[in-house]
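Novice: Pasting a structure here, questions to come.
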Number of protein chains: 4
Amino acid sequence: MSKTALIDLDKLNEECGVFGIFARDQLDVAEMTYYGLYALQHRGQESAGIAVADGKTIRYYKARGLVPEIFDQDKLEELEGGNIAIGHVRYPTHGDTNIFNAQPLVIRYKKGYLALAHNGNLTNAERLRLELEEDGAVFQTSVDSEVIANLIARQIDQGLEQAIKNTISRLKGAYALLLMTGDALIAVRDPYGMRPLALGKIDNSYVFASESCAFDTVGAEFIRDVKPGEIIIVTNDGFESIQTPVPLKSALCIFEFVYFARTDSVIDGVSVYAARKEAGKILALEQPVEADLVIGVPDSGTTAALGYAEGSGIPFGEGLIKNRYVGRTFIRPSQSVREQGVRIKLNALKKVVRGKRIVMIDDSIVRGTTSKKIVEMLRLAGAREVHMRISSPPVRFPCYFGIDTPSKEQLIGASYSVDEICRIIGTDSLEYLSMEGLLKTVEGSGCDFCLGCFSGQYPVEIE
Amino acid sequence: MSKTALIDLDKLNEECGVFGIFARDQLDVAEMTYYGLYALQHRGQESAGIAVADGKTIRYYKARGLVPEIFDQDKLEELEGGNIAIGHVRYPTHGDTNIFNAQPLVIRYKKGYLALAHNGNLTNAERLRLELEEDGAVFQTSVDSEVIANLIARQIDQGLEQAIKNTISRLKGAYALLLMTGDALIAVRDPYGMRPLALGKIDNSYVFASESCAFDTVGAEFIRDVKPGEIIIVTNDGFESIQTPVPLKSALCIFEFVYFARTDSVIDGVSVYAARKEAGKILALEQPVEADLVIGVPDSGTTAALGYAEGSGIPFGEGLIKNRYVGRTFIRPSQSVREQGVRIKLNALKKVVRGKRIVMIDDSIVRGTTSKKIVEMLRLAGAREVHMRISSPPVRFPCYFGIDTPSKEQLIGASYSVDEICRIIGTDSLEYLSMEGLLKTVEGSGCDFCLGCFSGQYPVEIE
Amino acid sequence: MSKTALIDLDKLNEECGVFGIFARDQLDVAEMTYYGLYALQHRGQESAGIAVADGKTIRYYKARGLVPEIFDQDKLEELEGGNIAIGHVRYPTHGDTNIFNAQPLVIRYKKGYLALAHNGNLTNAERLRLELEEDGAVFQTSVDSEVIANLIARQIDQGLEQAIKNTISRLKGAYALLLMTGDALIAVRDPYGMRPLALGKIDNSYVFASESCAFDTVGAEFIRDVKPGEIIIVTNDGFESIQTPVPLKSALCIFEFVYFARTDSVIDGVSVYAARKEAGKILALEQPVEADLVIGVPDSGTTAALGYAEGSGIPFGEGLIKNRYVGRTFIRPSQSVREQGVRIKLNALKKVVRGKRIVMIDDSIVRGTTSKKIVEMLRLAGAREVHMRISSPPVRFPCYFGIDTPSKEQLIGASYSVDEICRIIGTDSLEYLSMEGLLKTVEGSGCDFCLGCFSGQYPVEIE
Amino acid sequence: MSKTALIDLDKLNEECGVFGIFARDQLDVAEMTYYGLYALQHRGQESAGIAVADGKTIRYYKARGLVPEIFDQDKLEELEGGNIAIGHVRYPTHGDTNIFNAQPLVIRYKKGYLALAHNGNLTNAERLRLELEEDGAVFQTSVDSEVIANLIARQIDQGLEQAIKNTISRLKGAYALLLMTGDALIAVRDPYGMRPLALGKIDNSYVFASESCAFDTVGAEFIRDVKPGEIIIVTNDGFESIQTPVPLKSALCIFEFVYFARTDSVIDGVSVYAARKEAGKILALEQPVEADLVIGVPDSGTTAALGYAEGSGIPFGEGLIKNRYVGRTFIRPSQSVREQGVRIKLNALKKVVRGKRIVMIDDSIVRGTTSKKIVEMLRLAGAREVHMRISSPPVRFPCYFGIDTPSKEQLIGASYSVDEICRIIGTDSLEYLSMEGLLKTVEGSGCDFCLGCFSGQYPVEIE
């Protein structure tokens, strides 16, 4: 059955979110993880899972669907007890909706049980797989966690800590990783710190999450980000941090600030909200235009639009209204309906746009198909001019670190110049934020950034 | 199983939305109705249904759930063919989730088949039921449509038009009603025009909808509102309008502008967006406050907040972020989680509110429980002051015309003064828009308004 | 979606089963009804429902599916409390799977609430409907219960008892009817006693069921059959029996003994098992054949086959094995598979039939398609001769009293002589039980029988 | 949610069934496997799966539930194409209903993809797992197939054939195994031939199945049984049989004839039907009793009962009727209902048993709880005497080869003498078939048998 999912096909899409908790107080760790995943749902809507350790064994449940669809009271009760839990939400890469690829991955190995939840993408996963296969390993899934689990298992005789160190020394690419044994919770972030991973506390209990917004949801206090190359091991004995060697420059995915992360998260010292608003402001300075109204494409363009309004002095308004009940639909629209497809999701506010010269702010253009429809919609609603401003540079290159990028033919920035895109989309003018401008929005951070999807230059070599 | 639904318990909630189409061109009327109901989903999330007439008989499907959950490709295909359709989305009044109360109601009577979809509430329904029962009628549902169907059936010997006229002369209360026979589509709006109902066209086909946003979604052109007391009959022979007697003053529900309707709808000549923004502006003049930032409670408070910012000159900002995946959840939060409950849905943006004097705009306060939590959340996030401004007068009285109002004990405005509410909610100040202010926001309209929930004065006597 | 249901398309199929209980002791009446319906599941597999009265109101739940699929612990708990309940299982007539036609039908009328569960078919239902419609009634379903409810409602001013009397005086056809008000349970059987209805007791509580096997299941004691034309009213005040006028001869459906009823039921004084076995014995005398083995077509032909074996002295054996997991399947078999279709359900036991002259006993032949395939299967398995003996006369005429008969073209007995059927099915010989023989099997009963499907002569005129 | 499943808790239960096909003609291999599994459903009702190879890759779908519940038209269409398929039905051992344990297991390894479907149980699985873990292997399931897959993967450098040979040389216990690569189908039966596995053909296509009844269902011809210790490899190049070393005596599970297999299957040359009937006959000679009627406990006791009747000259009758709609129920019966629990499934036929001296035949007694209830039921129905005869010796020992045996405390034969069981169950007499008698029933077979559950002597040492 063909479904038009609630994921946005004209955006880059995140592949995963992780959450973990080691409770030293009386806490229902499965329930906490449930709410943590709820807060991270925007990072993956295809499947989700929770695994719970109680000192002896690991119980888990994972299934396809949204977090509240998967877990009801019965399911959560089956996961009650235990003091450690990890959870995962997953985005469907390349249409892979096989439940057997859902995470956390739970394995039994020489030392007992191990659960893994991974956000990111290894660039040498296939080579590692082949090496492991050469050595007799078998694989049941296509997720990187299985490669990591096999590597750890083969080196476990040196102790868990050393096995993890050895394992990550062989991994290339991006990973924010949560590992759970029967009695330990381990968080690992790749040496470049490409994917975010934050550490928090609830009283005496430790929590980890892809984004700090999950801490707010479960009432945890943000402590700090896990550092690039850092391994944190939480056990009943305490909290241990191990710093593995890191490159000179880190490479946090800047697109987390552009689009992926929730506005209310703070990543590596930078407020996502502040970065987006600043992007709009700088964009206003870099790419001014004479206009009557600034509007954002909801929901992701709104914050930058407020910044653009502030930067330009042009008033901000709501020109586009989103149907907040748009979700999974199981209908293939007929031809006649398809022609006006995008209306199901967005509608232009005639009252606001009629006769106006509009600056429309979006965070990025991926395929350009939706942008084209929105521009048509605004013109139909009476907009006199439509100027599009994008609060990041053109996306021109694929991501190899966990983001599902369309093929080069579908990626409009890869095939066309800005002028051509402007003509294709039908705007009166189209301008992007400069790379320098973008970098300014995240200046407060101590870290460096991966700009690969804009520049084609990646922190690590791609196999 | 107890569910926390995606309806907002701290708002008044609409009870229904209707959509109808009479196609004279090749159109899949069931599919059009599907998309029309999709656009009206905010008016009812409990159940939905579509009925299709093909000249001979009426087929229908109705079930519990959201529109895209109920109708998949198979179900829509079973409704293919036919040239007339009506649809309905329903809000669960008083926990009534009996599928047998879903609409459209389809009945067989003396003259064949009749389908009815009703938005509103009859104030004399119980009396009419008793009269009909006295005369031998039996009822299988608790919906007003069944009363209306029985009244029509008993007078059908005078012809359909006359039967409808006689019937509506006996109805008291609010109704925006779509009726479908095998070969006619009939729209009726009560003499006070309490519930909205609009007329549109797609080429040669007529459409009706509770709100004009449904027309935008299906690509229809808005023609005009159905007039209070008007009966419109569309058949293959043409389009006939019958005006029944109306009172001196109409009484459109003003809360449609305050909260119910979608921002992109236009009702009786007034843009919902414009009314909401104007409400904010007037509120800024009526109830100024020295502050650093205006924020709205998403999603319903945003437009008024923009108006307040404009009116006051205080900048607008995003201080509260909504989890856009919040929906039905089947979990009863444990005590520890419940205490911080509202975070699942909303989060405060520390970066934005910290150290600021905040004006927080919401459209209304019903129970006050959510408002209290949001204020706490803002203070926790570092807000220096929180001033609440409500873009409508206090809701103090129940609605008898189709809106599910909480009991007097739960309706905070019914029991407490504004000062008391301010203390209960914990804001530094709390002010409401005046009644005069509210009426100014809808001034452009030719019609008069029901202000019952604010004033306790209703256009019709309540039985 | 096309489904091959678990109903047998080569049999006549019962349309309904009813169960009711009036508890005077502490009994969970909903649970008792659940188990009662479980025992009657063979009478209807399309939908089921239970309604419970607690003195004030009537709660109910009905849905599509088998009894254990519809009712889980949650659903039964919602029906807890109350001291009266009625339930219904329904067979899908003419593909009508509309949930709105499920029973019990629950209505509100002048005197409160009324629930109805009906097994049978009124032959004048359409006329009564038209009369009621003429008088202003509206109908939401196509079930006879709705007609009955309307008739009662219109005469209720004379009191419930009189209203029921007046109502049934107007009904023509077959009905075993359970009615429930807030505080009374009423059982009615049509004047011909066409459909079975039995009365039982559990301690001080009364139960009614279509078949006595339901009493065994719930631990009730069989008291007696409800008499043709009898109305039994059970209230807190006691048990009242009212005898309405009846015709000279009753007309119990003899097919209940041939196929419909469960073997372990006793109807109107005759054991279904004994009747079936006797049918086999008489058949052996009427239609002897030289053969080596008697086999039955499972499950319905087994008892008669045992009788034939006893009557003929030819040994009984298991020649056909049924897959006991055959149920609903959602697959349309491909052409190649369809050609051997019947194997999914039945298989011949080569070891038993090889080289043998077989007498195969079935209770009836409706379309003949399955019989033909079984005969082929037996020959393929090595049967030397296959003689078919049917333990009832040829079904040649439609039933108008609640049984779904195929159209004349599909009813093989209506179009072909026994010799022709023998050739079509491919048996070496084919013989049916005589009408006299069949009547002998039920001799012990005090009642008379409807033989309409065999003789075309019906106890009441068909409109 | 607690469920009373449709599995019989008073029986030993089979753990699995397998089906495989290598098509050389145009056949929908997924559909054929679907019907093959349908025929084997009695061997496992917890989950099922089908994997299809098309030369390049392996697609699969597996889920919890019955075969027709899992696979609908959509699911089968997703598996269309391909020319090899294997399928599996699984019984829920020890309440293990984790979907991740469903089979076929599909893995990627050095040489591509491999799918495995296993019926049986390895007695050295845990040791092999530990050895593999010692060597770095990780396990995601608790099924033996994963162990086998790992062993093959580690030896694949010697070629698939040799890897399989080496692998099975290390396996101890029972296995009927189907393996599928991208272009080969391999069947393996353990050296003792403990679990059945048969070979068939449809035109030029080869099929394998746990029981021959699956061949009848899909229209295949039975060719022969796979031999103990035989490896059969089917590729496009042809059909190769490899005979690995076998012990002097084989050890086919004799309980397949007693209870597990379907009556219409033929295993290792012996008709299951014939063996069961013969068991009844011998039992009649070994353990005669003066009685009026022989009845079987449906469905499994019927055939032996027919044999007992034949052997004793006492007439056979149907004394117990089974509700053929008994299936999964989601209700926990209340105390009052539980006391008469077994009636939901079985009912005694008063007409048949009243006043009679009954010989009741069952194939085995495991816990004895059901037997006790049936005896009570027969006495309540008026039986004068109830003599129980079991068509196999007492089950006194656990099975280690793939059958879920209850713990010693629950296994009535392990704790009590026959006399004590007789008293517990409440029969007038109780006798079992002797071991010699049982062996006579399978005399025709060329093979030897495992009698472990009766004798405690197993063909292989138990670790």
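By convention in this document, the chains of the structure tokens carry letters A, B, ... by their order, each chain's residues are numbered from 1, and ligands are numbered from 1 in the order they are shown.
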Got a sec: who's within 7 Å of range 273-286 of chain B, counting only C-alpha atoms, leaving out chain neighbours fewer than 4 positions off, as a PyMOL selection string?
Specialist: chain B and resi 257-258+263-264+303-308+310-312+391+433+437-438+441-442
Novice: Using only C-alpha atoms, find which residues of chain D lie within 7 Å of chain A and jot them down as a ChimeraX atom specification.
Specialist: /D:106-110,130,133-140,150,153-154
Novice: Could you please take those selected residues and save C-alpha atoms as a PDB file, in the first residue's frame?
Specialist:
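The resulting file, out16.pdb, is reproduced below:
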ATOM      1  CA  VAL D 106      17.329 -14.494   6.965  1.00  0.00           C
ATOM      2  CA  ILE D 107      20.983 -13.533   7.253  1.00  0.00           C
ATOM      3  CA  ARG D 108      23.611 -11.886   5.130  1.00  0.00           C
ATOM      4  CA  TYR D 109      27.018 -13.485   5.298  1.00  0.00           C
ATOM      5  CA  LYS D 110      30.202 -13.777   3.294  1.00  0.00           C
ATOM      6  CA  LEU D 130      28.935 -20.307  23.922  1.00  0.00           C
ATOM      7  CA  GLU D 133      30.305 -16.324  21.406  1.00  0.00           C
ATOM      8  CA  GLU D 134      33.762 -17.202  22.669  1.00  0.00           C
ATOM      9  CA  ASP D 135      34.832 -16.648  19.118  1.00  0.00           C
ATOM     10  CA  GLY D 136      33.081 -13.300  18.888  1.00  0.00           C
ATOM     11  CA  ALA D 137      29.637 -14.174  17.551  1.00  0.00           C
ATOM     12  CA  VAL D 138      26.617 -12.140  18.593  1.00  0.00           C
ATOM     13  CA  PHE D 139      23.073 -13.472  18.760  1.00  0.00           C
ATOM     14  CA  GLN D 140      19.845 -11.590  18.273  1.00  0.00           C
ATOM     15  CA  ASN D 150      26.755 -18.895  12.290  1.00  0.00           C
ATOM     16  CA  ALA D 153      29.099 -18.850   7.809  1.00  0.00           C
ATOM     17  CA  ARG D 154      32.324 -19.703   9.577  1.00  0.00           C
TER      18      ARG D 154
END
Novice: Considering only strand (DSSP E) as DSSP defines it on the backbone, what residues of range 124-342 of chain C qualify? List them as a ChimeraX atom specification.
Specialist: /C:173-180,184-189,198-202,205-209,221-225,230-235,238-243,252-253,266-267,270-271,293-296,320-322
Novice: With C-alpha atoms retained, could you export that selection as a PDB file, in the first residue's frame?
Specialist:
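Just written: out_10.pdb:
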ATOM      1  CA  GLY C 173     -42.973 -15.146   8.983  1.00  0.00           C
ATOM      2  CA  ALA C 174     -40.427 -16.571  11.327  1.00  0.00           C
ATOM      3  CA  TYR C 175     -39.179 -15.002  14.484  1.00  0.00           C
ATOM      4  CA  ALA C 176     -37.470 -16.078  17.636  1.00  0.00           C
ATOM      5  CA  LEU C 177     -37.262 -12.771  19.357  1.00  0.00           C
ATOM      6  CA  LEU C 178     -35.689 -11.466  22.532  1.00  0.00           C
ATOM      7  CA  LEU C 179     -36.710  -8.029  23.787  1.00  0.00           C
ATOM      8  CA  MET C 180     -35.189  -6.183  26.693  1.00  0.00           C
ATOM      9  CA  ALA C 184     -37.770  -6.821  31.706  1.00  0.00           C
ATOM     10  CA  LEU C 185     -36.670  -9.603  29.398  1.00  0.00           C
ATOM     11  CA  ILE C 186     -39.256 -10.797  26.900  1.00  0.00           C
ATOM     12  CA  ALA C 187     -39.040 -13.850  24.664  1.00  0.00           C
ATOM     13  CA  VAL C 188     -41.378 -14.370  21.743  1.00  0.00           C
ATOM     14  CA  ARG C 189     -41.643 -17.229  19.291  1.00  0.00           C
ATOM     15  CA  ALA C 198     -35.369 -22.540  24.417  1.00  0.00           C
ATOM     16  CA  LEU C 199     -35.826 -21.582  28.063  1.00  0.00           C
ATOM     17  CA  GLY C 200     -33.376 -22.492  30.794  1.00  0.00           C
ATOM     18  CA  LYS C 201     -32.446 -21.667  34.367  1.00  0.00           C
ATOM     19  CA  ILE C 202     -29.282 -21.132  36.373  1.00  0.00           C
ATOM     20  CA  SER C 205     -31.934 -16.784  36.868  1.00  0.00           C
ATOM     21  CA  TYR C 206     -33.700 -17.317  33.563  1.00  0.00           C
ATOM     22  CA  VAL C 207     -31.913 -17.777  30.264  1.00  0.00           C
ATOM     23  CA  PHE C 208     -33.112 -18.030  26.687  1.00  0.00           C
ATOM     24  CA  ALA C 209     -31.156 -19.288  23.699  1.00  0.00           C
ATOM     25  CA  GLU C 221     -30.402 -26.226  32.984  1.00  0.00           C
ATOM     26  CA  PHE C 222     -32.761 -26.705  30.060  1.00  0.00           C
ATOM     27  CA  ILE C 223     -36.365 -26.162  31.184  1.00  0.00           C
ATOM     28  CA  ARG C 224     -38.460 -26.307  28.027  1.00  0.00           C
ATOM     29  CA  ASP C 225     -38.846 -24.815  24.607  1.00  0.00           C
ATOM     30  CA  GLU C 230     -45.848 -17.842  23.356  1.00  0.00           C
ATOM     31  CA  ILE C 231     -44.731 -14.593  24.933  1.00  0.00           C
ATOM     32  CA  ILE C 232     -42.669 -14.951  28.099  1.00  0.00           C
ATOM     33  CA  ILE C 233     -42.080 -11.868  30.225  1.00  0.00           C
ATOM     34  CA  VAL C 234     -39.480 -12.039  32.986  1.00  0.00           C
ATOM     35  CA  THR C 235     -39.303  -9.170  35.461  1.00  0.00           C
ATOM     36  CA  GLY C 238     -41.756 -12.939  38.240  1.00  0.00           C
ATOM     37  CA  PHE C 239     -42.218 -14.991  35.168  1.00  0.00           C
ATOM     38  CA  GLU C 240     -45.321 -14.657  33.024  1.00  0.00           C
ATOM     39  CA  SER C 241     -46.321 -16.720  30.017  1.00  0.00           C
ATOM     40  CA  ILE C 242     -48.888 -15.463  27.537  1.00  0.00           C
ATOM     41  CA  GLN C 243     -50.180 -17.753  24.845  1.00  0.00           C
ATOM     42  CA  LEU C 252     -40.573 -25.828  12.924  1.00  0.00           C
ATOM     43  CA  CYS C 253     -37.810 -25.553  10.333  1.00  0.00           C
ATOM     44  CA  VAL C 266     -32.190 -30.627  21.662  1.00  0.00           C
ATOM     45  CA  ILE C 267     -34.963 -28.743  19.853  1.00  0.00           C
ATOM     46  CA  VAL C 270     -35.860 -33.979  19.572  1.00  0.00           C
ATOM     47  CA  SER C 271     -32.137 -34.500  19.913  1.00  0.00           C
ATOM     48  CA  LEU C 293     -16.952 -48.219   3.596  1.00  0.00           C
ATOM     49  CA  VAL C 294     -19.238 -45.463   4.800  1.00  0.00           C
ATOM     50  CA  ILE C 295     -17.685 -42.036   5.195  1.00  0.00           C
ATOM     51  CA  GLY C 296     -19.139 -38.653   6.160  1.00  0.00           C
ATOM     52  CA  LEU C 320     -11.930 -37.163   4.588  1.00  0.00           C
ATOM     53  CA  ILE C 321      -9.810 -35.030   6.909  1.00  0.00           C
ATOM     54  CA  LYS C 322     -10.628 -31.408   7.583  1.00  0.00           C
TER      55      LYS C 322
END
Novice: Leaving out range 17-27 of chain D and any residue of its chain fewer than 2 positions from it, which residues lie within 7 Å of it when counting only C-alpha atoms, given as a ChimeraX atom specification?
Specialist: /D:29,33,36-37,40,43-44,83-90,117-119,178,185,204-210
Novice: So that I can check the surroundings of range 447-449 of chain B, please list as a list in words every protein, DNA and RNA residue that reaches within 8 Å of it, counting only C-alpha atoms and ignoring chain neighbours fewer than 2 positions away.
Specialist: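 Residues meeting the cut-off are Met194, Lys249, Ser250, Ala251, Leu252, Cys253, Ile254, Asp268, Ser445 and Leu451 of chain B.
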Novice: Mind checking which residues fall within 12 Å of Ser429 in chain B, counting only C-alpha atoms, ignoring those fewer than 6 positions away in the same chain, and posting them as a PyMOL selection string?
Specialist: chain B and resi 287-291+357-361+375+385-390+418-423
Novice: Quote the spacing between CA of Cys16 in chain D and CA of Cys213 in chain D in Å to one decimal place.
Specialist: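 Straight-line distance from CA of Cys16 in chain D to CA of Cys213 in chain D works out to 14.9 Å.
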Novice: Quick one: of C:Gly182, C:Gly159, C:Gly219, C:Gly81, who's nearest to Ala115 in chain C, counting only C-alpha atoms?
Specialist: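 Selected residue with least distance to Ala115 in chain C: C:Gly182.
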Novice: If I take CA of Leu248 in chain C and CA of Tyr400 in chain C, how far is one from the other in Å, to one decimal?
Specialist: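 One can read the CA of Leu248 in chain C to CA of Tyr400 in chain C distance as 20.6 Å.
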Novice: Out of range 120-288 of chain A, which residues get alpha helix (DSSP H) from DSSP, as a VMD selection string?
Specialist: chain A and resid 125 to 134 144 to 154 160 to 170 213 to 218 255 272 to 286
Novice: For the residues in the current selection, export C-alpha atoms as a PDB file, in the first residue's frame.
Specialist:
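Now in again_22.pdb:
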ATOM      1  CA  ALA A 125      30.230   0.176   7.506  1.00  0.00           C
ATOM      2  CA  GLU A 126      30.227  -1.939   4.363  1.00  0.00           C
ATOM      3  CA  ARG A 127      33.974  -2.532   4.592  1.00  0.00           C
ATOM      4  CA  LEU A 128      33.702  -3.451   8.254  1.00  0.00           C
ATOM      5  CA  ARG A 129      30.832  -5.780   7.442  1.00  0.00           C
ATOM      6  CA  LEU A 130      32.853  -7.491   4.737  1.00  0.00           C
ATOM      7  CA  GLU A 131      35.793  -7.878   7.094  1.00  0.00           C
ATOM      8  CA  LEU A 132      33.560  -9.311   9.774  1.00  0.00           C
ATOM      9  CA  GLU A 133      31.854 -11.575   7.259  1.00  0.00           C
ATOM     10  CA  GLU A 134      35.260 -12.698   6.061  1.00  0.00           C
ATOM     11  CA  ASP A 144      25.246   0.000  11.615  1.00  0.00           C
ATOM     12  CA  SER A 145      24.523  -0.996  15.213  1.00  0.00           C
ATOM     13  CA  GLU A 146      24.948  -4.606  14.188  1.00  0.00           C
ATOM     14  CA  VAL A 147      28.437  -3.900  12.861  1.00  0.00           C
ATOM     15  CA  ILE A 148      29.325  -2.107  16.079  1.00  0.00           C
ATOM     16  CA  ALA A 149      27.927  -4.925  18.217  1.00  0.00           C
ATOM     17  CA  ASN A 150      30.001  -7.475  16.306  1.00  0.00           C
ATOM     18  CA  LEU A 151      33.152  -5.417  16.706  1.00  0.00           C
ATOM     19  CA  ILE A 152      32.646  -5.054  20.437  1.00  0.00           C
ATOM     20  CA  ALA A 153      31.868  -8.752  20.846  1.00  0.00           C
ATOM     21  CA  ARG A 154      35.095  -9.731  19.151  1.00  0.00           C
ATOM     22  CA  LEU A 160      34.133  -3.642  27.880  1.00  0.00           C
ATOM     23  CA  GLU A 161      35.884  -0.293  28.120  1.00  0.00           C
ATOM     24  CA  GLN A 162      38.813  -1.376  26.008  1.00  0.00           C
ATOM     25  CA  ALA A 163      36.533  -3.173  23.559  1.00  0.00           C
ATOM     26  CA  ILE A 164      34.550   0.012  23.029  1.00  0.00           C
ATOM     27  CA  LYS A 165      37.736   2.033  22.619  1.00  0.00           C
ATOM     28  CA  ASN A 166      39.109  -0.434  20.078  1.00  0.00           C
ATOM     29  CA  THR A 167      35.794  -0.550  18.280  1.00  0.00           C
ATOM     30  CA  ILE A 168      35.372   3.162  17.872  1.00  0.00           C
ATOM     31  CA  SER A 169      38.948   3.479  16.698  1.00  0.00           C
ATOM     32  CA  ARG A 170      37.818   1.476  13.667  1.00  0.00           C
ATOM     33  CA  CYS A 213      14.479  19.402  24.288  1.00  0.00           C
ATOM     34  CA  ALA A 214      14.008  15.816  25.521  1.00  0.00           C
ATOM     35  CA  PHE A 215      15.435  16.851  28.896  1.00  0.00           C
ATOM     36  CA  ASP A 216      12.890  19.629  29.232  1.00  0.00           C
ATOM     37  CA  THR A 217      10.133  17.150  28.438  1.00  0.00           C
ATOM     38  CA  VAL A 218      11.115  14.643  31.113  1.00  0.00           C
ATOM     39  CA  PHE A 255      22.118  21.368   9.296  1.00  0.00           C
ATOM     40  CA  VAL A 272      18.879  26.402  17.725  1.00  0.00           C
ATOM     41  CA  TYR A 273      16.334  29.179  17.991  1.00  0.00           C
ATOM     42  CA  ALA A 274      18.999  31.858  18.226  1.00  0.00           C
ATOM     43  CA  ALA A 275      20.925  30.442  15.272  1.00  0.00           C
ATOM     44  CA  ARG A 276      17.800  30.370  13.100  1.00  0.00           C
ATOM     45  CA  LYS A 277      16.736  33.861  14.032  1.00  0.00           C
ATOM     46  CA  GLU A 278      20.260  35.175  13.473  1.00  0.00           C
ATOM     47  CA  ALA A 279      20.319  33.447  10.081  1.00  0.00           C
ATOM     48  CA  GLY A 280      17.253  35.445   9.144  1.00  0.00           C
ATOM     49  CA  LYS A 281      18.801  38.676  10.337  1.00  0.00           C
ATOM     50  CA  ILE A 282      22.041  38.165   8.446  1.00  0.00           C
ATOM     51  CA  LEU A 283      20.074  37.115   5.389  1.00  0.00           C
ATOM     52  CA  ALA A 284      18.219  40.405   5.554  1.00  0.00           C
ATOM     53  CA  LEU A 285      21.507  42.241   5.461  1.00  0.00           C
ATOM     54  CA  GLU A 286      23.089  40.081   2.799  1.00  0.00           C
TER      55      GLU A 286
END
Novice: Hey, what's within 8 Å of Ile403 in chain B if we count only C-alpha atoms and toss same-chain stuff fewer than 5 positions away? As a PDB file with C-alpha atoms, in the first residue's frame, please?
Specialist:
ATOM      1  CA  LEU B  12     -13.780  25.086  24.188  1.00  0.00           C
ATOM      2  CA  ASN B  13     -14.191  22.543  21.456  1.00  0.00           C
ATOM      3  CA  GLU B  14     -16.213  22.669  18.314  1.00  0.00           C
ATOM      4  CA  GLU B  15     -18.673  19.875  17.815  1.00  0.00           C
ATOM      5  CA  GLY B 120     -24.783  22.828  15.834  1.00  0.00           C
TER       6      GLY B 120
END
Novice: Just want the 12 Å neighbourhood of Glu376 in chain D, counted on only C-alpha atoms, with same-chain residues fewer than 5 positions away dropped. Output as a ChimeraX atom specification.
Specialist: /D:339-343,347-348,369-371,381-386,424-428
